[in-house]
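What follows is the content of model14.txt (compact mmCIF, C-alpha atoms).
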```txt
# COMPACT_ATOMS: atom_id res chain seq x y z
CA MET H 907 0.00 0.00 0.00
CA ARG H 908 1.08 3.56 -0.73
CA VAL H 909 -0.32 6.60 1.10
CA TRP H 910 -0.50 10.34 0.51
CA LEU H 911 1.12 12.10 3.46
CA ASN H 912 1.45 15.89 3.50
CA GLY H 913 1.82 16.12 -0.26
CA ALA H 914 4.02 13.06 -0.90
CA ILE H 915 3.13 9.54 -2.03
CA LEU H 916 5.00 7.12 0.23
CA PRO H 917 5.10 3.39 0.91
CA LEU H 918 3.10 2.57 4.03
CA GLU H 919 6.23 1.15 5.63
CA THR H 920 8.11 4.47 5.44
CA ALA H 921 5.28 6.92 6.12
CA ARG H 922 5.66 8.44 9.58
CA ILE H 923 3.56 10.65 11.85
CA ALA H 924 5.46 12.84 14.33
CA PRO H 925 5.37 11.63 17.96
CA ASP H 926 3.95 14.99 19.07
CA ASP H 927 1.06 14.90 16.56
CA ARG H 928 -2.14 15.86 18.40
CA GLY H 929 -4.18 13.43 16.37
CA PHE H 930 -2.13 10.59 17.83
CA LEU H 931 -1.91 12.03 21.33
CA LEU H 932 -5.36 13.57 21.78
CA GLY H 933 -7.59 12.52 18.91
CA ASP H 934 -7.48 16.17 17.78
CA GLY H 935 -8.58 15.77 14.19
CA LEU H 936 -11.15 14.61 11.68
CA PHE H 937 -11.64 11.93 9.07
CA GLU H 938 -13.80 11.10 6.08
CA THR H 939 -14.38 7.72 4.43
CA LEU H 940 -15.24 7.97 0.75
CA ARG H 941 -16.20 5.49 -1.93
CA ALA H 942 -14.38 5.72 -5.26
CA GLN H 943 -15.42 4.69 -8.75
CA ASN H 944 -13.73 5.18 -12.12
CA GLY H 945 -10.61 6.51 -10.43
CA ALA H 946 -12.35 9.34 -8.55
CA PRO H 947 -14.10 9.85 -5.18
CA LEU H 948 -17.89 9.92 -5.12
CA ARG H 949 -19.88 12.80 -3.59
CA LEU H 950 -16.67 14.69 -2.83
CA ARG H 951 -18.42 18.04 -2.38
CA ALA H 952 -20.65 16.65 0.37
CA HIS H 953 -17.70 15.04 2.15
CA LEU H 954 -15.66 18.24 2.01
CA ALA H 955 -18.62 20.24 3.33
CA ARG H 956 -18.84 17.88 6.31
CA LEU H 957 -15.07 18.04 6.80
CA THR H 958 -15.16 21.84 6.70
CA ARG H 959 -17.98 21.99 9.25
CA GLY H 960 -16.07 19.69 11.57
CA ALA H 961 -12.93 21.79 11.18
CA GLU H 962 -14.88 24.92 12.09
CA ILE H 963 -16.19 23.27 15.26
CA LEU H 964 -12.70 22.16 16.27
CA GLY H 965 -11.09 25.44 15.22
CA LEU H 966 -8.78 23.43 12.98
CA PRO H 967 -7.52 25.34 9.90
CA LEU H 968 -7.68 23.08 6.86
CA PRO H 969 -4.52 23.29 4.73
CA PRO H 970 -4.69 24.46 1.09
CA VAL H 971 -4.81 20.99 -0.48
CA ASP H 972 -6.28 20.10 -3.88
CA TRP H 973 -8.38 17.38 -2.27
CA GLU H 974 -9.65 15.79 -5.47
CA ALA H 975 -6.16 15.59 -6.98
CA ALA H 976 -4.72 14.13 -3.77
CA LEU H 977 -7.45 11.51 -3.49
CA CYS H 978 -7.17 10.52 -7.13
CA ALA H 979 -3.37 10.32 -6.86
CA THR H 980 -3.73 7.93 -3.93
CA LEU H 981 -6.02 5.67 -5.95
CA THR H 982 -3.60 5.71 -8.89
CA ALA H 983 -0.59 4.97 -6.68
CA ASN H 984 -2.37 1.85 -5.43
CA GLY H 985 -3.53 0.73 -8.87
CA LEU H 986 -7.19 1.22 -7.99
CA LYS H 987 -10.08 2.51 -10.06
CA ALA H 988 -12.68 1.66 -7.44
CA GLY H 989 -12.39 1.22 -3.70
CA SER H 990 -12.55 3.11 -0.45
CA LEU H 991 -10.55 6.18 0.60
CA ARG H 992 -9.77 7.35 4.10
CA LEU H 993 -8.91 11.05 4.50
CA THR H 994 -7.50 12.02 7.91
CA VAL H 995 -6.64 15.56 9.02
CA THR H 996 -5.05 16.29 12.40
CA ARG H 997 -3.96 19.57 13.96
CA GLY H 998 -0.36 18.39 13.67
CA GLY H 999 2.32 18.73 16.31
CA GLY H 1000 2.05 20.86 19.39
CA PRO H 1001 3.27 21.44 22.94
CA ARG H 1002 2.20 19.30 25.85
CA GLY H 1003 -1.24 20.05 27.27
CA LEU H 1004 -4.69 20.51 25.82
CA LEU H 1005 -4.45 23.98 24.30
CA PRO H 1006 -3.54 23.85 20.60
CA PRO H 1007 -0.57 25.71 19.12
CA THR H 1008 -1.24 29.26 17.92
CA ALA H 1009 0.07 28.45 14.43
CA PRO H 1010 -0.82 24.79 13.77
CA ARG H 1011 0.62 22.85 10.84
CA PRO H 1012 -2.00 20.18 10.11
CA THR H 1013 -1.11 16.64 9.11
CA VAL H 1014 -3.01 15.17 6.15
CA LEU H 1015 -3.00 11.43 5.47
CA ILE H 1016 -4.90 9.64 2.69
CA SER H 1017 -5.06 5.89 2.25
CA ALA H 1018 -6.91 3.69 -0.22
CA ALA H 1019 -8.07 0.08 -0.26
CA PRO H 1020 -10.12 -2.22 -2.48
CA LEU H 1021 -13.76 -2.52 -1.53
CA ALA H 1022 -14.52 -5.47 0.68
CA ALA H 1023 -17.10 -7.99 -0.44
CA PRO H 1024 -20.63 -6.83 0.41
CA PRO H 1025 -21.49 -8.01 3.93
CA GLY H 1026 -24.50 -10.17 4.54
CA PRO H 1027 -27.57 -9.06 6.49
CA ALA H 1028 -26.67 -7.56 9.86
CA ARG H 1029 -27.44 -8.70 13.39
CA LEU H 1030 -27.82 -5.76 15.78
CA ILE H 1031 -27.94 -5.25 19.49
CA VAL H 1032 -28.69 -2.08 21.46
CA ALA H 1033 -25.50 -0.90 23.18
CA ARG H 1034 -25.61 -0.89 26.96
CA SER H 1035 -21.97 -0.01 27.60
CA THR H 1036 -22.12 3.60 26.34
CA ARG H 1037 -24.36 6.26 24.80
CA ARG H 1038 -24.09 9.19 22.43
CA ASN H 1039 -23.96 12.61 24.06
CA ALA H 1040 -26.33 14.70 21.97
CA TYR H 1041 -25.18 17.81 23.86
CA SER H 1042 -21.56 17.44 22.67
CA PRO H 1043 -20.54 19.11 19.39
CA LEU H 1044 -18.26 16.11 18.80
CA SER H 1045 -21.27 13.81 18.37
CA GLY H 1046 -22.15 15.45 15.06
CA ILE H 1047 -18.73 15.44 13.40
CA LYS H 1048 -16.32 12.79 12.13
CA SER H 1049 -13.90 13.28 14.98
CA LEU H 1050 -10.93 11.01 15.59
CA ASN H 1051 -12.35 10.50 19.10
CA TYR H 1052 -14.08 7.18 18.40
CA GLY H 1053 -13.94 5.59 21.82
CA ASP H 1054 -17.72 5.22 22.24
CA GLY H 1055 -17.97 3.44 18.91
CA ILE H 1056 -15.16 1.06 19.84
CA LEU H 1057 -16.82 0.20 23.16
CA ALA H 1058 -20.17 -0.45 21.50
CA ARG H 1059 -18.68 -2.52 18.69
CA ARG H 1060 -16.78 -4.69 21.18
CA GLU H 1061 -20.02 -5.19 23.07
CA ALA H 1062 -21.77 -6.21 19.85
CA GLN H 1063 -19.06 -8.73 19.08
CA ALA H 1064 -19.23 -10.17 22.59
CA ARG H 1065 -22.99 -10.62 22.20
CA GLY H 1066 -22.72 -12.30 18.78
CA ALA H 1067 -23.84 -9.30 16.73
CA ASP H 1068 -22.34 -7.27 13.88
CA ASP H 1069 -23.10 -3.74 15.06
CA ALA H 1070 -24.80 -1.83 17.85
CA VAL H 1071 -27.61 0.70 17.91
CA MET H 1072 -26.41 3.73 19.87
CA LEU H 1073 -28.89 5.47 22.15
CA ASN H 1074 -28.43 9.03 23.37
CA THR H 1075 -28.47 10.20 26.97
CA VAL H 1076 -32.28 10.35 27.10
CA GLY H 1077 -32.70 6.84 25.72
CA ARG H 1078 -33.63 7.52 22.10
CA VAL H 1079 -31.94 6.09 19.00
CA ALA H 1080 -29.07 8.23 17.66
CA ASP H 1081 -27.28 6.00 15.12
CA THR H 1082 -25.11 2.87 15.08
CA THR H 1083 -21.34 2.71 15.52
CA ILE H 1084 -20.62 3.31 11.81
CA ALA H 1085 -23.94 3.84 10.04
CA THR H 1086 -27.26 5.64 9.89
CA PRO H 1087 -30.26 3.42 10.70
CA PHE H 1088 -33.42 3.63 8.61
CA ILE H 1089 -36.26 1.98 10.48
CA LEU H 1090 -39.66 0.83 9.22
CA LEU H 1091 -42.23 1.60 11.94
CA GLY H 1092 -45.77 0.87 10.83
CA ASP H 1093 -45.95 2.30 7.33
CA ARG H 1094 -43.29 4.98 7.93
CA MET H 1095 -39.59 4.78 7.12
CA VAL H 1096 -37.82 6.99 9.66
CA THR H 1097 -34.34 7.93 10.82
CA PRO H 1098 -33.35 9.95 13.89
CA PRO H 1099 -32.90 13.73 13.47
CA LEU H 1100 -29.32 14.94 13.87
CA SER H 1101 -30.28 16.65 17.13
CA GLU H 1102 -30.34 13.15 18.67
CA GLY H 1103 -26.54 12.95 18.47
CA GLY H 1104 -25.83 11.08 15.24
CA ILE H 1105 -23.45 11.82 12.38
CA PRO H 1106 -24.83 13.69 9.32
CA GLY H 1107 -24.31 10.77 6.93
CA ILE H 1108 -23.82 11.50 3.24
CA ALA H 1109 -26.08 8.63 2.12
CA ARG H 1110 -28.55 9.68 4.82
CA GLY H 1111 -28.87 13.11 3.28
CA GLU H 1112 -29.47 11.69 -0.20
CA ILE H 1113 -32.19 9.33 1.03
CA LEU H 1114 -33.99 12.12 2.90
CA ARG H 1115 -33.77 14.50 -0.05
CA ALA H 1116 -35.26 11.80 -2.28
CA GLY H 1117 -38.27 11.59 0.04
CA LEU H 1118 -37.70 7.92 0.87
CA ALA H 1119 -37.76 8.50 4.64
CA ASP H 1120 -38.62 11.08 7.30
CA GLU H 1121 -36.88 12.23 10.45
CA ALA H 1122 -38.50 11.22 13.73
CA GLU H 1123 -37.51 10.67 17.33
CA ILE H 1124 -37.27 6.94 18.04
CA PRO H 1125 -37.58 5.98 21.72
CA LEU H 1126 -36.14 2.68 22.87
CA HIS H 1127 -39.54 1.05 23.29
CA ALA H 1128 -40.36 1.73 19.62
CA LEU H 1129 -37.68 -0.77 18.62
CA GLU H 1130 -40.02 -3.51 19.81
CA LYS H 1131 -42.30 -2.63 16.87
CA VAL H 1132 -39.70 -2.47 14.10
CA ARG H 1133 -40.84 -4.21 10.90
CA GLY H 1134 -37.64 -3.69 8.92
CA MET H 1135 -34.34 -1.85 9.08
CA ALA H 1136 -31.36 -0.88 6.93
CA LEU H 1137 -27.97 0.66 7.72
CA THR H 1138 -26.36 3.17 5.37
CA ASN H 1139 -22.99 4.84 5.07
CA SER H 1140 -20.79 6.04 2.23
CA LEU H 1141 -19.58 2.54 1.42
CA GLY H 1142 -22.92 0.80 1.11
CA ILE H 1143 -26.33 -0.25 2.38
CA ARG H 1144 -26.78 -3.25 4.66
CA TRP H 1145 -30.03 -4.92 5.50
CA VAL H 1146 -30.80 -5.86 9.12
CA GLN H 1147 -32.19 -9.35 9.69
CA ASN H 1148 -32.10 -9.48 13.48
CA LEU H 1149 -32.41 -6.92 16.30
CA GLU H 1150 -31.69 -7.95 19.89
CA GLY H 1151 -32.20 -11.59 18.93
CA THR H 1152 -35.55 -11.00 17.22
CA PRO H 1153 -35.83 -11.59 13.44
CA LEU H 1154 -37.19 -8.62 11.52
CA PRO H 1155 -40.08 -9.63 9.25
CA GLU H 1156 -39.58 -7.28 6.29
CA PRO H 1157 -36.44 -6.40 4.29
CA VAL H 1158 -35.87 -2.71 3.60
CA ASP H 1159 -35.12 -2.25 -0.09
CA PHE H 1160 -33.26 0.86 -1.25
CA MET H 1161 -31.57 -1.10 -4.05
CA ASP H 1162 -32.73 0.83 -7.13
CA PHE H 1163 -32.14 4.13 -5.39
CA SER H 1164 -28.70 3.07 -4.19
CA ARG H 1165 -27.62 2.14 -7.70
CA GLU H 1166 -28.93 5.27 -9.36
CA ARG H 1167 -28.18 7.95 -6.76
CA LEU H 1168 -25.46 6.55 -4.53
CA GLY H 1169 -23.45 4.55 -7.06
CA LEU H 1170 -23.48 1.48 -4.80
```
Can I see the file as structure tokens?
Amino acid sequence: MRVWLNGAILPLETARIAPDDRGFLLGDGLFETLRAQNGAPLRLRAHLARLTRGAEILGLPLPPVDWEAALCATLTANGLKAGSLRLTVTRGGGPRGLLPPTAPRPTVLISAAPLAAPPGPARLIVARSTRRNAYSPLSGIKSLNYGDGILARREAQARGADDAVMLNTVGRVADTTIATPFILLGDRMVTPPLSEGGIPGIARGEILRAGLADEAEIPLHALEKVRGMALTNSLGIRWVQNLEGTPLPEPVDFMDFSRERLGL
């Protein structure tokens, strides 16, 4: 594998992040995961808008990078026309302590990989080990602080599941560890509003704009009435076959939409 690091294409084995980098030490940074087709990233404008919003919240100045050129160069360097891209931006090095340097020099790292085989239907649990904090600005951005997601995913694995539904501090559904849930309740397809503490997913936005679902608060007890469920993120759509050990009776089918609008 070859990566793009601060303007240079390097073998993974020789690419190095400074020991004082705040992304490594404090999780002070952001990331985006993008799907690529035909040698270029998909929905780049939406990803950069989300990255920019996150940078504004963190007070992290984004460097003057030609993002599209850098992403495409990373694909080319790895011999890929299609795959997944990971863009990571940290504040760079700094002194000890929490306060950032007055003149930060951000670190930018881009990696690429072939797409994994589509996963089968998912088995979900509701995380009990942690919850999303809807009051924290970090809940709505792609921050490098991913500890809650790691705890919930480990819990899911321990309980024989693939992913975990994340509740917020008042007990309503926020998202899952890596995806936006779309839930069929009665005759309505709904997803939690962003005010519940979830990430503003790129695929989520497309599905809502297409009128295929509505936003609605989803209390924990409503999950007992779920008829069907799907998980979406920038890399794909995954159907849910089982929630907390209970089979879901109806598949949720966004297939035609995903092919036409999301390129999946």
**Item:** Spatial neighbours of range 1042-1048 of chain H, max dist 9 Å, all atoms listed in the file, sep filter under 6 positions, as a PyMOL selection string
**Value:** chain H and resi 935-938+956-957+959-961+963-964+1100-1101+1103-1106
**Request:** Find the residues around Leu1004 in chain H up to 12 Å (only C-alpha atoms counted), leave out those fewer than 6 positions away in its own chain, and share them as a ChimeraX atom specification.
**Result:** /H:928-929,931-934,997
**Prompt:** Which is closest to Pro1007 in chain H among H:Ile1113, H:Leu966, H:Ala1019, H:Ala946, if we use only C-alpha atoms?
**Reply:** H:Leu966
Can you build me a table of range 973-1045 of chain H residues sitting at most 9 Å from range 907-910 of chain H, with the closest atom pair per residue and its distance in Å to one decimal, using all atoms listed in the file, sorted by chain and residue number, as a tab-separated table?
```
residue	atom	partner	partner_atom	distance
H:Ala976	CA	H:Trp910	CA	7.1
H:Leu977	CA	H:Trp910	CA	8.1
H:Ala979	CA	H:Trp910	CA	7.9
H:Thr980	CA	H:Trp910	CA	6.0
H:Ala983	CA	H:Arg908	CA	6.3
H:Asn984	CA	H:Arg908	CA	6.1
H:Val1014	CA	H:Trp910	CA	7.8
H:Leu1015	CA	H:Trp910	CA	5.7
H:Ile1016	CA	H:Trp910	CA	5.0
H:Ser1017	CA	H:Val909	CA	4.9
H:Ala1018	CA	H:Val909	CA	7.3
H:Ala1019	CA	H:Met907	CA	8.1
```
**Message:** With all atoms listed in the file as the counted atoms, please give the residues lying no more than 9 Å from Pro1155 in chain H, apart from itself and same-chain residues fewer than 6 positions off, as a list in words.
**Reply:**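 The filter keeps Val1132, Arg1133, Gly1134 and Gln1147 of chain H.
Distances to Arg1002 in chain H were evaluated for H:Leu918, H:Asn1074, H:Asp926, H:Arg1094 using only C-alpha atoms, and the minimum falls at H:Asp926.
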**Request:** Work out how far apart CA of Val1032 in chain H and CA of His1127 in chain H are and give it in Å to one decimal.
**Result:** 11.4 Å
**Request:** Work out how far apart CA of Ser1035 in chain H and CA of Met1135 in chain H are and give it in Å to one decimal.
**Result:**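 Computing it gives 22.3 Å between the two atoms.
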**Request:** Extract, using all atoms listed in the file, all DNA, RNA and protein residues at most 12 Å from Leu1126 in chain H, discarding same-chain residues fewer than 2 positions from it, and format them as a list in words.
**Result:** Ile1031, Val1032, Ala1033, Arg1034, Val1071, Met1072, Leu1073, Asn1074, Thr1075, Val1076, Gly1077, Arg1078, Val1079, Ala1080, Pro1098, Glu1123, Ile1124, Ala1128, Leu1129, Glu1130, Lys1131, Val1132 and Glu1150 of chain H
Can I get the selected residues back with C-alpha atoms, as a PDB file, in the frame of the given file?
```pdb
ATOM      1  CA  ILE H1031     -27.940  -5.250  19.490  1.00  0.00           C
ATOM      2  CA  VAL H1032     -28.690  -2.080  21.460  1.00  0.00           C
ATOM      3  CA  ALA H1033     -25.500  -0.900  23.180  1.00  0.00           C
ATOM      4  CA  ARG H1034     -25.610  -0.890  26.960  1.00  0.00           C
ATOM      5  CA  VAL H1071     -27.610   0.700  17.910  1.00  0.00           C
ATOM      6  CA  MET H1072     -26.410   3.730  19.870  1.00  0.00           C
ATOM      7  CA  LEU H1073     -28.890   5.470  22.150  1.00  0.00           C
ATOM      8  CA  ASN H1074     -28.430   9.030  23.370  1.00  0.00           C
ATOM      9  CA  THR H1075     -28.470  10.200  26.970  1.00  0.00           C
ATOM     10  CA  VAL H1076     -32.280  10.350  27.100  1.00  0.00           C
ATOM     11  CA  GLY H1077     -32.700   6.840  25.720  1.00  0.00           C
ATOM     12  CA  ARG H1078     -33.630   7.520  22.100  1.00  0.00           C
ATOM     13  CA  VAL H1079     -31.940   6.090  19.000  1.00  0.00           C
ATOM     14  CA  ALA H1080     -29.070   8.230  17.660  1.00  0.00           C
ATOM     15  CA  PRO H1098     -33.350   9.950  13.890  1.00  0.00           C
ATOM     16  CA  GLU H1123     -37.510  10.670  17.330  1.00  0.00           C
ATOM     17  CA  ILE H1124     -37.270   6.940  18.040  1.00  0.00           C
ATOM     18  CA  ALA H1128     -40.360   1.730  19.620  1.00  0.00           C
ATOM     19  CA  LEU H1129     -37.680  -0.770  18.620  1.00  0.00           C
ATOM     20  CA  GLU H1130     -40.020  -3.510  19.810  1.00  0.00           C
ATOM     21  CA  LYS H1131     -42.300  -2.630  16.870  1.00  0.00           C
ATOM     22  CA  VAL H1132     -39.700  -2.470  14.100  1.00  0.00           C
ATOM     23  CA  GLU H1150     -31.690  -7.950  19.890  1.00  0.00           C
TER      24      GLU H1150
END
```
